[in-house]
>>> print(open('protein_30.cif').read())   # mmCIF, C-alpha atoms
data_target
#
loop_
_atom_site.group_PDB
_atom_site.id
_atom_site.type_symbol
_atom_site.label_atom_id
_atom_site.label_comp_id
_atom_site.auth_asym_id
_atom_site.auth_seq_id
_atom_site.Cartn_x
_atom_site.Cartn_y
_atom_site.Cartn_z
ATOM 1 C CA MET A 26 -72.963 -106.408 -7.398
ATOM 2 C CA LEU A 27 -75.423 -104.084 -9.006
ATOM 3 C CA THR A 28 -76.505 -104.734 -12.536
ATOM 4 C CA PRO A 29 -76.226 -101.959 -15.114
ATOM 5 C CA GLU A 30 -80.017 -101.639 -14.880
ATOM 6 C CA THR A 31 -79.705 -100.589 -11.259
ATOM 7 C CA GLN A 32 -77.110 -97.956 -11.843
ATOM 8 C CA LEU A 33 -79.427 -95.831 -13.900
ATOM 9 C CA VAL A 34 -82.167 -93.844 -12.331
ATOM 10 C CA ILE A 35 -84.076 -92.553 -15.312
ATOM 11 C CA ASN A 36 -87.059 -90.312 -14.869
ATOM 12 C CA LEU A 37 -90.187 -91.339 -16.751
ATOM 13 C CA PHE A 38 -91.153 -87.708 -17.301
ATOM 14 C CA ASP A 39 -87.854 -86.834 -18.954
ATOM 15 C CA ASP A 40 -87.173 -87.009 -22.682
ATOM 16 C CA VAL A 41 -90.818 -86.676 -23.566
ATOM 17 C CA PRO A 42 -91.364 -85.003 -26.931
ATOM 18 C CA ALA A 43 -94.174 -82.472 -27.192
ATOM 19 C CA ARG A 44 -95.106 -83.981 -30.518
ATOM 20 C CA ALA A 45 -94.156 -87.109 -32.472
ATOM 21 C CA ASP A 46 -95.537 -88.864 -35.513
ATOM 22 C CA GLU A 47 -95.890 -92.191 -33.758
ATOM 23 C CA GLU A 48 -96.298 -93.478 -30.233
ATOM 24 C CA ILE A 49 -92.900 -93.959 -28.602
ATOM 25 C CA PHE A 50 -92.187 -97.234 -26.787
ATOM 26 C CA THR A 51 -89.253 -97.410 -24.355
ATOM 27 C CA GLU A 52 -88.401 -100.699 -22.694
ATOM 28 C CA LEU A 53 -87.484 -100.185 -19.047
ATOM 29 C CA LEU A 54 -86.955 -103.782 -17.981
ATOM 30 C CA SER A 55 -87.246 -107.100 -19.754
ATOM 31 C CA ARG A 56 -87.146 -110.510 -18.147
ATOM 32 C CA GLU A 57 -88.552 -113.888 -18.832
ATOM 33 C CA GLY A 58 -92.056 -113.493 -17.426
ATOM 34 C CA VAL A 59 -92.181 -109.713 -17.074
ATOM 35 C CA ARG A 60 -91.602 -106.690 -19.267
ATOM 36 C CA ILE A 61 -92.000 -103.059 -18.223
ATOM 37 C CA GLU A 62 -92.265 -100.273 -20.768
ATOM 38 C CA ARG A 63 -93.107 -96.622 -21.034
ATOM 39 C CA VAL A 64 -95.337 -95.456 -23.871
ATOM 40 C CA VAL A 65 -95.655 -91.809 -24.884
ATOM 41 C CA SER A 66 -98.653 -90.787 -26.985
ATOM 42 C CA THR A 67 -99.051 -87.339 -28.469
ATOM 43 C CA GLY A 68 -102.559 -87.393 -29.906
ATOM 44 C CA GLN A 69 -102.333 -90.817 -31.559
ATOM 45 C CA SER A 70 -105.147 -93.339 -31.519
ATOM 46 C CA THR A 71 -105.494 -96.959 -32.614
ATOM 47 C CA PRO A 72 -107.120 -97.556 -36.007
ATOM 48 C CA ALA A 73 -110.607 -99.048 -35.528
ATOM 49 C CA ASP A 74 -109.785 -101.987 -37.793
ATOM 50 C CA ARG A 75 -106.409 -102.720 -36.207
ATOM 51 C CA PRO A 76 -106.927 -103.122 -32.441
ATOM 52 C CA TYR A 77 -104.214 -104.152 -30.045
ATOM 53 C CA ARG A 78 -104.670 -107.823 -29.137
ATOM 54 C CA GLN A 79 -101.999 -109.947 -27.527
ATOM 55 C CA GLY A 80 -101.421 -113.365 -26.068
ATOM 56 C CA HIS A 81 -100.444 -112.121 -22.614
ATOM 57 C CA ASP A 82 -101.978 -109.964 -19.907
ATOM 58 C CA GLU A 83 -101.088 -106.300 -19.666
ATOM 59 C CA TRP A 84 -101.467 -103.972 -16.704
ATOM 60 C CA VAL A 85 -101.493 -100.301 -17.655
ATOM 61 C CA LEU A 86 -101.206 -97.151 -15.583
ATOM 62 C CA LEU A 87 -101.759 -93.674 -16.983
ATOM 63 C CA LEU A 88 -99.017 -91.411 -15.582
ATOM 64 C CA ALA A 89 -99.675 -88.112 -17.373
ATOM 65 C CA GLY A 90 -102.046 -86.629 -19.930
ATOM 66 C CA SER A 91 -105.388 -88.266 -20.652
ATOM 67 C CA ALA A 92 -106.802 -90.927 -22.933
ATOM 68 C CA GLY A 93 -109.872 -92.885 -23.939
ATOM 69 C CA LEU A 94 -109.411 -96.632 -23.891
ATOM 70 C CA GLY A 95 -111.866 -98.915 -25.661
ATOM 71 C CA ILE A 96 -112.046 -102.559 -24.642
ATOM 72 C CA GLU A 97 -113.965 -105.146 -26.634
ATOM 73 C CA GLY A 98 -117.435 -105.597 -25.158
ATOM 74 C CA GLU A 99 -116.774 -102.987 -22.476
ATOM 75 C CA GLY A 100 -117.232 -99.650 -24.208
ATOM 76 C CA GLU A 101 -114.831 -96.809 -23.582
ATOM 77 C CA ARG A 102 -113.224 -95.481 -20.443
ATOM 78 C CA ASN A 103 -111.666 -92.101 -19.962
ATOM 79 C CA LEU A 104 -108.389 -92.329 -18.076
ATOM 80 C CA ARG A 105 -106.693 -89.664 -15.980
ATOM 81 C CA PRO A 106 -103.285 -89.858 -14.275
ATOM 82 C CA GLY A 107 -103.278 -92.602 -11.644
ATOM 83 C CA ASP A 108 -105.938 -94.726 -13.349
ATOM 84 C CA HIS A 109 -104.886 -98.315 -13.926
ATOM 85 C CA LEU A 110 -106.450 -101.470 -15.256
ATOM 86 C CA LEU A 111 -105.739 -104.974 -16.404
ATOM 87 C CA ILE A 112 -106.214 -105.802 -20.076
ATOM 88 C CA PRO A 113 -106.625 -109.578 -20.333
ATOM 89 C CA ALA A 114 -104.886 -111.589 -23.016
ATOM 90 C CA HIS A 115 -106.753 -112.002 -26.300
ATOM 91 C CA GLN A 116 -109.031 -109.034 -25.645
ATOM 92 C CA SER A 117 -109.099 -106.431 -28.413
ATOM 93 C CA HIS A 118 -108.487 -102.894 -27.215
ATOM 94 C CA TRP A 119 -108.027 -99.501 -28.762
ATOM 95 C CA VAL A 120 -106.591 -96.220 -27.640
ATOM 96 C CA ARG A 121 -109.559 -94.164 -28.854
ATOM 97 C CA TRP A 122 -107.902 -90.815 -28.288
ATOM 98 C CA THR A 123 -105.058 -89.217 -26.387
ATOM 99 C CA ALA A 124 -104.670 -85.615 -25.284
ATOM 100 C CA SER A 125 -103.737 -83.295 -28.126
ATOM 101 C CA ASN A 126 -102.345 -80.490 -25.952
ATOM 102 C CA GLU A 127 -99.864 -82.445 -23.827
ATOM 103 C CA PRO A 128 -98.033 -85.792 -23.923
ATOM 104 C CA THR A 129 -99.810 -88.807 -22.501
ATOM 105 C CA ILE A 130 -97.451 -91.143 -20.631
ATOM 106 C CA TRP A 131 -98.339 -94.758 -19.924
ATOM 107 C CA LEU A 132 -96.623 -97.422 -17.891
ATOM 108 C CA ALA A 133 -97.309 -100.918 -19.220
ATOM 109 C CA ILE A 134 -96.424 -104.166 -17.442
ATOM 110 C CA HIS A 135 -96.616 -107.290 -19.594
ATOM 111 C CA PHE A 136 -96.754 -110.777 -18.079
ATOM 112 C CA PRO A 137 -98.104 -114.218 -18.925
ATOM 113 C CA SER A 138 -101.828 -114.792 -18.710
ATOM 114 C CA THR A 139 -103.110 -117.242 -16.123
ATOM 115 C CA VAL A 140 -105.784 -118.294 -18.633
ATOM 116 C CA LYS A 141 -104.521 -120.912 -21.070
ATOM 117 C CA MET B 21 -114.974 -112.463 -20.152
ATOM 118 C CA LEU B 22 -113.450 -109.756 -18.027
ATOM 119 C CA THR B 23 -112.098 -110.654 -14.638
ATOM 120 C CA PRO B 24 -113.248 -108.656 -11.595
ATOM 121 C CA GLU B 25 -109.792 -107.069 -11.624
ATOM 122 C CA THR B 26 -110.553 -105.517 -14.993
ATOM 123 C CA GLN B 27 -113.859 -104.044 -14.032
ATOM 124 C CA LEU B 28 -112.327 -101.717 -11.499
ATOM 125 C CA VAL B 29 -110.425 -98.671 -12.539
ATOM 126 C CA ILE B 30 -108.962 -97.462 -9.293
ATOM 127 C CA ASN B 31 -106.904 -94.323 -9.180
ATOM 128 C CA LEU B 32 -103.550 -94.598 -7.433
ATOM 129 C CA PHE B 33 -103.821 -91.036 -6.166
ATOM 130 C CA ASP B 34 -107.193 -91.631 -4.467
ATOM 131 C CA ASP B 35 -107.644 -92.741 -0.869
ATOM 132 C CA VAL B 36 -104.281 -91.399 0.172
ATOM 133 C CA PRO B 37 -104.204 -90.333 3.816
ATOM 134 C CA ALA B 38 -102.395 -87.103 4.653
ATOM 135 C CA ARG B 39 -100.892 -88.857 7.652
ATOM 136 C CA ALA B 40 -100.690 -92.425 8.924
ATOM 137 C CA ASP B 41 -98.695 -94.176 11.616
ATOM 138 C CA GLU B 42 -97.314 -96.786 9.258
ATOM 139 C CA GLU B 43 -96.615 -97.144 5.561
ATOM 140 C CA ILE B 44 -99.716 -98.403 3.755
ATOM 141 C CA PHE B 45 -99.348 -101.309 1.327
ATOM 142 C CA THR B 46 -102.141 -101.995 -1.175
ATOM 143 C CA GLU B 47 -101.901 -104.991 -3.469
ATOM 144 C CA LEU B 48 -103.057 -104.111 -6.975
ATOM 145 C CA LEU B 49 -102.383 -107.382 -8.730
ATOM 146 C CA SER B 50 -100.933 -110.684 -7.640
ATOM 147 C CA ARG B 51 -99.964 -113.564 -9.879
ATOM 148 C CA GLU B 52 -97.485 -116.340 -9.825
ATOM 149 C CA GLY B 53 -94.364 -114.540 -11.000
ATOM 150 C CA VAL B 54 -95.498 -110.927 -10.595
ATOM 151 C CA ARG B 55 -96.991 -108.769 -7.881
ATOM 152 C CA ILE B 56 -97.864 -105.082 -8.187
ATOM 153 C CA GLU B 57 -98.461 -102.919 -5.142
ATOM 154 C CA ARG B 58 -98.892 -99.321 -4.131
ATOM 155 C CA VAL B 59 -97.079 -98.059 -1.067
ATOM 156 C CA VAL B 60 -97.966 -94.782 0.644
ATOM 157 C CA SER B 61 -95.405 -93.250 2.995
ATOM 158 C CA THR B 62 -96.122 -90.216 5.137
ATOM 159 C CA GLY B 63 -92.781 -89.380 6.648
ATOM 160 C CA GLN B 64 -91.784 -92.922 7.601
ATOM 161 C CA SER B 65 -88.290 -94.320 7.160
ATOM 162 C CA THR B 66 -86.721 -97.733 7.538
ATOM 163 C CA PRO B 67 -84.870 -98.404 10.809
ATOM 164 C CA ALA B 68 -81.111 -98.533 10.173
ATOM 165 C CA ASP B 69 -80.833 -101.953 11.796
ATOM 166 C CA ARG B 70 -83.819 -103.468 9.952
ATOM 167 C CA PRO B 71 -83.314 -102.916 6.228
ATOM 168 C CA TYR B 72 -85.607 -104.305 3.579
ATOM 169 C CA ARG B 73 -84.010 -107.353 1.980
ATOM 170 C CA GLN B 74 -85.866 -109.911 -0.070
ATOM 171 C CA GLY B 75 -85.310 -112.977 -2.165
ATOM 172 C CA HIS B 76 -86.746 -111.479 -5.350
ATOM 173 C CA ASP B 77 -86.103 -108.453 -7.537
ATOM 174 C CA GLU B 78 -88.182 -105.335 -7.095
ATOM 175 C CA TRP B 79 -88.698 -102.478 -9.538
ATOM 176 C CA VAL B 80 -89.863 -99.277 -7.894
ATOM 177 C CA LEU B 81 -91.256 -96.053 -9.331
ATOM 178 C CA LEU B 82 -91.840 -92.932 -7.269
ATOM 179 C CA LEU B 83 -95.228 -91.486 -8.288
ATOM 180 C CA ALA B 84 -95.653 -88.574 -5.886
ATOM 181 C CA GLY B 85 -93.831 -86.903 -3.012
ATOM 182 C CA SER B 86 -90.118 -87.442 -2.505
ATOM 183 C CA ALA B 87 -87.828 -89.866 -0.733
ATOM 184 C CA GLY B 88 -84.240 -90.842 -0.042
ATOM 185 C CA LEU B 89 -83.440 -94.444 -0.820
ATOM 186 C CA GLY B 90 -80.308 -96.080 0.536
ATOM 187 C CA ILE B 91 -78.956 -99.185 -1.154
ATOM 188 C CA GLU B 92 -76.223 -101.330 0.365
ATOM 189 C CA GLY B 93 -72.861 -100.305 -1.048
ATOM 190 C CA GLU B 94 -74.429 -97.590 -3.201
ATOM 191 C CA GLY B 95 -75.027 -94.689 -0.829
ATOM 192 C CA GLU B 96 -78.251 -92.767 -0.978
ATOM 193 C CA ARG B 97 -80.329 -91.455 -3.852
ATOM 194 C CA ASN B 98 -82.948 -88.750 -3.712
ATOM 195 C CA LEU B 99 -86.014 -89.683 -5.712
ATOM 196 C CA ARG B 100 -88.572 -87.392 -7.313
ATOM 197 C CA PRO B 101 -91.781 -88.381 -9.145
ATOM 198 C CA GLY B 102 -90.973 -90.412 -12.242
ATOM 199 C CA ASP B 103 -87.687 -91.807 -10.899
ATOM 200 C CA HIS B 104 -87.464 -95.578 -11.068
ATOM 201 C CA LEU B 105 -84.895 -98.231 -10.317
ATOM 202 C CA LEU B 106 -84.372 -101.924 -9.888
ATOM 203 C CA ILE B 107 -83.499 -103.231 -6.434
ATOM 204 C CA PRO B 108 -81.850 -106.627 -6.894
ATOM 205 C CA ALA B 109 -82.724 -109.587 -4.713
ATOM 206 C CA HIS B 110 -80.712 -109.980 -1.512
ATOM 207 C CA GLN B 111 -79.590 -106.354 -1.509
ATOM 208 C CA SER B 112 -80.299 -104.472 1.703
ATOM 209 C CA HIS B 113 -82.089 -101.176 1.207
ATOM 210 C CA TRP B 114 -83.617 -98.504 3.359
ATOM 211 C CA VAL B 115 -86.098 -95.729 2.842
ATOM 212 C CA ARG B 116 -83.938 -93.087 4.534
ATOM 213 C CA TRP B 117 -86.639 -90.426 4.576
ATOM 214 C CA THR B 118 -89.913 -89.548 2.908
ATOM 215 C CA ALA B 119 -91.522 -86.128 2.525
ATOM 216 C CA SER B 120 -93.078 -84.851 5.734
ATOM 217 C CA ASN B 121 -95.409 -82.316 4.108
ATOM 218 C CA GLU B 122 -97.153 -84.549 1.551
ATOM 219 C CA PRO B 123 -97.765 -88.252 0.944
ATOM 220 C CA THR B 124 -95.124 -90.164 -0.978
ATOM 221 C CA ILE B 125 -96.626 -92.736 -3.340
ATOM 222 C CA TRP B 126 -94.598 -95.647 -4.708
ATOM 223 C CA LEU B 127 -95.406 -98.278 -7.271
ATOM 224 C CA ALA B 128 -93.554 -101.542 -6.625
ATOM 225 C CA ILE B 129 -93.358 -104.485 -9.017
ATOM 226 C CA HIS B 130 -92.058 -107.721 -7.500
ATOM 227 C CA PHE B 131 -90.823 -110.578 -9.655
ATOM 228 C CA PRO B 132 -88.364 -113.471 -9.454
ATOM 229 C CA SER B 133 -84.677 -112.725 -9.661
ATOM 230 C CA THR B 134 -82.773 -114.060 -12.622
ATOM 231 C CA VAL B 135 -79.808 -114.632 -10.294
ATOM 232 C CA LYS B 136 -80.034 -117.935 -8.439
#
>>> encode(input="protein_30.cif", output="structure tokens")
Amino acid sequence: MLTPETQLVINLFDDVPARADEEIFTELLSREGVRIERVVSTGQSTPADRPYRQGHDEWVLLLAGSAGLGIEGEGERNLRPGDHLLIPAHQSHWVRWTASNEPTIWLAIHFPSTVK
Amino acid sequence: MLTPETQLVINLFDDVPARADEEIFTELLSREGVRIERVVSTGQSTPADRPYRQGHDEWVLLLAGSAGLGIEGEGERNLRPGDHLLIPAHQSHWVRWTASNEPTIWLAIHFPSTVK
């Protein structure tokens, strides 16, 4: 039997607003041990004094648009579609900027860190 | 400290051959409980008598190109970039066709099934 999850083929490039006040998070799959989400940014950035920082590892892939990603102790990287990287648990990171003229679409995979 | 994995930003659309004899599998991340890979197809399909079938769940996202995916008992679906779906463990599936005029790039996330 197929689960309801399987019966939907949803396109990650659909239902993307040209503009929104906040980043939009859409959960695609959630399991114990793995969570997959889409994030749509339309010009937002992370406040310098409020970085993202989490207790698990996160693998991110930029699917559309462009962004600058700052990682503690690593400076900033400019990302284009297809770029991916691992953000280790407990490491502060900031979305420094996202494209202002088109939506930026991220895929984020969350899973437990191997570092205790 | 960053892991070596973090220090590389590799683009999923780079190093894609226009043509290859076989599908090309590149492991992007491997952990206990989750494995992320890129698959590049250049016209290949799965033999009807040798479907893919595995003991874990797999979430796939088509990133570029196009493909027909057959799932046991579900018929065939045509996939375009951005389409994603979950292929449950133990369910036979076939890549019925992939684009012949451009590479087809898949992202596959493998993780344990919740069904025992």
>>> interface_residues(input="protein_30.cif", of="chain A", to="chain B", cutoff="6 Å", atoms="only C-alpha atoms", output="MDAnalysis selection string")
chainID A and resid 31 34:38 107:111
>>> calpha_fit_and_write(input="protein_30.cif", fixed="chain A", moving="chain B", output="PDB file with C-alpha atoms, in the frame of the given file")
ATOM      1  CA  MET B  21     -73.025-106.488  -7.374  1.00  0.00           C
ATOM      2  CA  LEU B  22     -75.435-104.086  -8.983  1.00  0.00           C
ATOM      3  CA  THR B  23     -76.525-104.708 -12.525  1.00  0.00           C
ATOM      4  CA  PRO B  24     -76.211-101.892 -15.083  1.00  0.00           C
ATOM      5  CA  GLU B  25     -79.995-101.585 -14.861  1.00  0.00           C
ATOM      6  CA  THR B  26     -79.681-100.552 -11.232  1.00  0.00           C
ATOM      7  CA  GLN B  27     -77.089 -97.905 -11.778  1.00  0.00           C
ATOM      8  CA  LEU B  28     -79.394 -95.778 -13.861  1.00  0.00           C
ATOM      9  CA  VAL B  29     -82.166 -93.803 -12.314  1.00  0.00           C
ATOM     10  CA  ILE B  30     -84.058 -92.546 -15.310  1.00  0.00           C
ATOM     11  CA  ASN B  31     -87.047 -90.313 -14.880  1.00  0.00           C
ATOM     12  CA  LEU B  32     -90.175 -91.346 -16.758  1.00  0.00           C
ATOM     13  CA  PHE B  33     -91.149 -87.724 -17.300  1.00  0.00           C
ATOM     14  CA  ASP B  34     -87.832 -86.819 -18.969  1.00  0.00           C
ATOM     15  CA  ASP B  35     -87.159 -86.996 -22.697  1.00  0.00           C
ATOM     16  CA  VAL B  36     -90.811 -86.677 -23.569  1.00  0.00           C
ATOM     17  CA  PRO B  37     -91.362 -85.012 -26.938  1.00  0.00           C
ATOM     18  CA  ALA B  38     -94.172 -82.473 -27.192  1.00  0.00           C
ATOM     19  CA  ARG B  39     -95.105 -84.011 -30.523  1.00  0.00           C
ATOM     20  CA  ALA B  40     -94.150 -87.124 -32.468  1.00  0.00           C
ATOM     21  CA  ASP B  41     -95.538 -88.882 -35.514  1.00  0.00           C
ATOM     22  CA  GLU B  42     -95.889 -92.208 -33.754  1.00  0.00           C
ATOM     23  CA  GLU B  43     -96.303 -93.488 -30.222  1.00  0.00           C
ATOM     24  CA  ILE B  44     -92.900 -93.966 -28.593  1.00  0.00           C
ATOM     25  CA  PHE B  45     -92.196 -97.241 -26.788  1.00  0.00           C
ATOM     26  CA  THR B  46     -89.251 -97.428 -24.375  1.00  0.00           C
ATOM     27  CA  GLU B  47     -88.400-100.717 -22.715  1.00  0.00           C
ATOM     28  CA  LEU B  48     -87.485-100.199 -19.069  1.00  0.00           C
ATOM     29  CA  LEU B  49     -86.971-103.782 -18.005  1.00  0.00           C
ATOM     30  CA  SER B  50     -87.274-107.101 -19.762  1.00  0.00           C
ATOM     31  CA  ARG B  51     -87.151-110.515 -18.158  1.00  0.00           C
ATOM     32  CA  GLU B  52     -88.564-113.892 -18.832  1.00  0.00           C
ATOM     33  CA  GLY B  53     -92.064-113.499 -17.434  1.00  0.00           C
ATOM     34  CA  VAL B  54     -92.213-109.709 -17.093  1.00  0.00           C
ATOM     35  CA  ARG B  55     -91.618-106.694 -19.285  1.00  0.00           C
ATOM     36  CA  ILE B  56     -92.013-103.061 -18.241  1.00  0.00           C
ATOM     37  CA  GLU B  57     -92.275-100.276 -20.787  1.00  0.00           C
ATOM     38  CA  ARG B  58     -93.102 -96.616 -21.066  1.00  0.00           C
ATOM     39  CA  VAL B  59     -95.335 -95.462 -23.886  1.00  0.00           C
ATOM     40  CA  VAL B  60     -95.650 -91.811 -24.898  1.00  0.00           C
ATOM     41  CA  SER B  61     -98.653 -90.796 -26.991  1.00  0.00           C
ATOM     42  CA  THR B  62     -99.061 -87.342 -28.479  1.00  0.00           C
ATOM     43  CA  GLY B  63    -102.539 -87.391 -29.909  1.00  0.00           C
ATOM     44  CA  GLN B  64    -102.331 -90.807 -31.563  1.00  0.00           C
ATOM     45  CA  SER B  65    -105.142 -93.347 -31.518  1.00  0.00           C
ATOM     46  CA  THR B  66    -105.496 -96.945 -32.603  1.00  0.00           C
ATOM     47  CA  PRO B  67    -107.128 -97.547 -36.002  1.00  0.00           C
ATOM     48  CA  ALA B  68    -110.606 -99.043 -35.528  1.00  0.00           C
ATOM     49  CA  ASP B  69    -109.783-101.976 -37.792  1.00  0.00           C
ATOM     50  CA  ARG B  70    -106.402-102.736 -36.179  1.00  0.00           C
ATOM     51  CA  PRO B  71    -106.935-103.117 -32.437  1.00  0.00           C
ATOM     52  CA  TYR B  72    -104.222-104.148 -30.033  1.00  0.00           C
ATOM     53  CA  ARG B  73    -104.656-107.803 -29.110  1.00  0.00           C
ATOM     54  CA  GLN B  74    -101.986-109.942 -27.535  1.00  0.00           C
ATOM     55  CA  GLY B  75    -101.417-113.362 -26.094  1.00  0.00           C
ATOM     56  CA  HIS B  76    -100.454-112.119 -22.633  1.00  0.00           C
ATOM     57  CA  ASP B  77    -101.994-109.965 -19.923  1.00  0.00           C
ATOM     58  CA  GLU B  78    -101.089-106.309 -19.682  1.00  0.00           C
ATOM     59  CA  TRP B  79    -101.472-103.975 -16.716  1.00  0.00           C
ATOM     60  CA  VAL B  80    -101.496-100.314 -17.668  1.00  0.00           C
ATOM     61  CA  LEU B  81    -101.209 -97.154 -15.587  1.00  0.00           C
ATOM     62  CA  LEU B  82    -101.769 -93.680 -16.984  1.00  0.00           C
ATOM     63  CA  LEU B  83     -99.024 -91.414 -15.592  1.00  0.00           C
ATOM     64  CA  ALA B  84     -99.675 -88.120 -17.368  1.00  0.00           C
ATOM     65  CA  GLY B  85    -102.047 -86.628 -19.922  1.00  0.00           C
ATOM     66  CA  SER B  86    -105.383 -88.265 -20.647  1.00  0.00           C
ATOM     67  CA  ALA B  87    -106.793 -90.921 -22.931  1.00  0.00           C
ATOM     68  CA  GLY B  88    -109.872 -92.883 -23.917  1.00  0.00           C
ATOM     69  CA  LEU B  89    -109.400 -96.624 -23.879  1.00  0.00           C
ATOM     70  CA  GLY B  90    -111.852 -98.915 -25.630  1.00  0.00           C
ATOM     71  CA  ILE B  91    -112.033-102.558 -24.620  1.00  0.00           C
ATOM     72  CA  GLU B  92    -113.946-105.154 -26.617  1.00  0.00           C
ATOM     73  CA  GLY B  93    -117.407-105.602 -25.144  1.00  0.00           C
ATOM     74  CA  GLU B  94    -116.761-102.992 -22.454  1.00  0.00           C
ATOM     75  CA  GLY B  95    -117.245 -99.656 -24.197  1.00  0.00           C
ATOM     76  CA  GLU B  96    -114.842 -96.837 -23.571  1.00  0.00           C
ATOM     77  CA  ARG B  97    -113.224 -95.491 -20.430  1.00  0.00           C
ATOM     78  CA  ASN B  98    -111.662 -92.095 -19.956  1.00  0.00           C
ATOM     79  CA  LEU B  99    -108.394 -92.322 -18.074  1.00  0.00           C
ATOM     80  CA  ARG B 100    -106.693 -89.666 -15.975  1.00  0.00           C
ATOM     81  CA  PRO B 101    -103.277 -89.864 -14.264  1.00  0.00           C
ATOM     82  CA  GLY B 102    -103.256 -92.608 -11.649  1.00  0.00           C
ATOM     83  CA  ASP B 103    -105.934 -94.730 -13.345  1.00  0.00           C
ATOM     84  CA  HIS B 104    -104.881 -98.316 -13.918  1.00  0.00           C
ATOM     85  CA  LEU B 105    -106.444-101.475 -15.254  1.00  0.00           C
ATOM     86  CA  LEU B 106    -105.721-104.973 -16.409  1.00  0.00           C
ATOM     87  CA  ILE B 107    -106.225-105.801 -20.078  1.00  0.00           C
ATOM     88  CA  PRO B 108    -106.632-109.573 -20.340  1.00  0.00           C
ATOM     89  CA  ALA B 109    -104.896-111.590 -23.024  1.00  0.00           C
ATOM     90  CA  HIS B 110    -106.770-112.003 -26.305  1.00  0.00           C
ATOM     91  CA  GLN B 111    -109.035-109.030 -25.642  1.00  0.00           C
ATOM     92  CA  SER B 112    -109.104-106.435 -28.403  1.00  0.00           C
ATOM     93  CA  HIS B 113    -108.498-102.893 -27.218  1.00  0.00           C
ATOM     94  CA  TRP B 114    -108.022 -99.501 -28.758  1.00  0.00           C
ATOM     95  CA  VAL B 115    -106.591 -96.214 -27.631  1.00  0.00           C
ATOM     96  CA  ARG B 116    -109.565 -94.169 -28.849  1.00  0.00           C
ATOM     97  CA  TRP B 117    -107.908 -90.805 -28.284  1.00  0.00           C
ATOM     98  CA  THR B 118    -105.059 -89.227 -26.370  1.00  0.00           C
ATOM     99  CA  ALA B 119    -104.669 -85.609 -25.277  1.00  0.00           C
ATOM    100  CA  SER B 120    -103.738 -83.290 -28.124  1.00  0.00           C
ATOM    101  CA  ASN B 121    -102.331 -80.490 -25.961  1.00  0.00           C
ATOM    102  CA  GLU B 122     -99.856 -82.465 -23.829  1.00  0.00           C
ATOM    103  CA  PRO B 123     -98.025 -85.795 -23.932  1.00  0.00           C
ATOM    104  CA  THR B 124     -99.811 -88.812 -22.506  1.00  0.00           C
ATOM    105  CA  ILE B 125     -97.458 -91.142 -20.640  1.00  0.00           C
ATOM    106  CA  TRP B 126     -98.353 -94.769 -19.930  1.00  0.00           C
ATOM    107  CA  LEU B 127     -96.628 -97.424 -17.901  1.00  0.00           C
ATOM    108  CA  ALA B 128     -97.307-100.928 -19.229  1.00  0.00           C
ATOM    109  CA  ILE B 129     -96.430-104.173 -17.461  1.00  0.00           C
ATOM    110  CA  HIS B 130     -96.628-107.298 -19.620  1.00  0.00           C
ATOM    111  CA  PHE B 131     -96.767-110.763 -18.102  1.00  0.00           C
ATOM    112  CA  PRO B 132     -98.126-114.213 -18.942  1.00  0.00           C
ATOM    113  CA  SER B 133    -101.842-114.794 -18.717  1.00  0.00           C
ATOM    114  CA  THR B 134    -103.090-117.234 -16.136  1.00  0.00           C
ATOM    115  CA  VAL B 135    -105.773-118.299 -18.627  1.00  0.00           C
ATOM    116  CA  LYS B 136    -104.522-120.911 -21.079  1.00  0.00           C
TER     117      LYS B 136
END
>>> closest_residue(input="protein_30.cif", among="B:Ala119, B:Ala109, B:Ala68, B:Ala128", to="Gly88 (chain B)", atoms="only C-alpha atoms")
B:Ala119
>>> atom_distance(input="protein_30.cif", atom1="CA of Arg60 (chain A)", atom2="CA of Glu96 (chain B)")
26.6 Å
>>> closest_residue(input="protein_30.cif", among="A:Ile49, A:Ala92, A:Val120, A:Ala43", to="Arg75 (chain A)", atoms="all atoms listed in the file")
A:Val120
>>> atom_distance(input="protein_30.cif", atom1="CA of Gly100 (chain A)", atom2="CA of Pro128 (chain A)")
23.7 Å
>>> atom_distance(input="protein_30.cif", atom1="CA of Ser66 (chain A)", atom2="CA of Glu78 (chain B)")
26.8 Å
>>> resolve_selection(input="protein_30.cif", expression="the PyMOL selection byres ((chain B and resi 64) around 10)", output="MDAnalysis selection string")
chainID B and resid 39:43 60:63 65:67 87 115:120 124
>>> axis_aligned_box(input="protein_30.cif", around="region 124-135 of chain B", padding_each_side="4 Å", output="lines of an AutoDock Vina configuration file")
center_x = -88.2
center_y = -102.4
center_z = -6.8
size_x = 24.8
size_y = 32.5
size_z = 19.6
>>> resolve_selection(input="protein_30.cif", expression="the PyMOL selection byres ((chain B and resi 71) around 6)", output="PyMOL selection string")
chain B and resi 70+72+112-114
>>> closest_residue(input="protein_30.cif", among="B:Leu127, B:Glu47, B:Val36, B:His110", to="Arg73 (chain B)", atoms="only C-alpha atoms")
B:His110
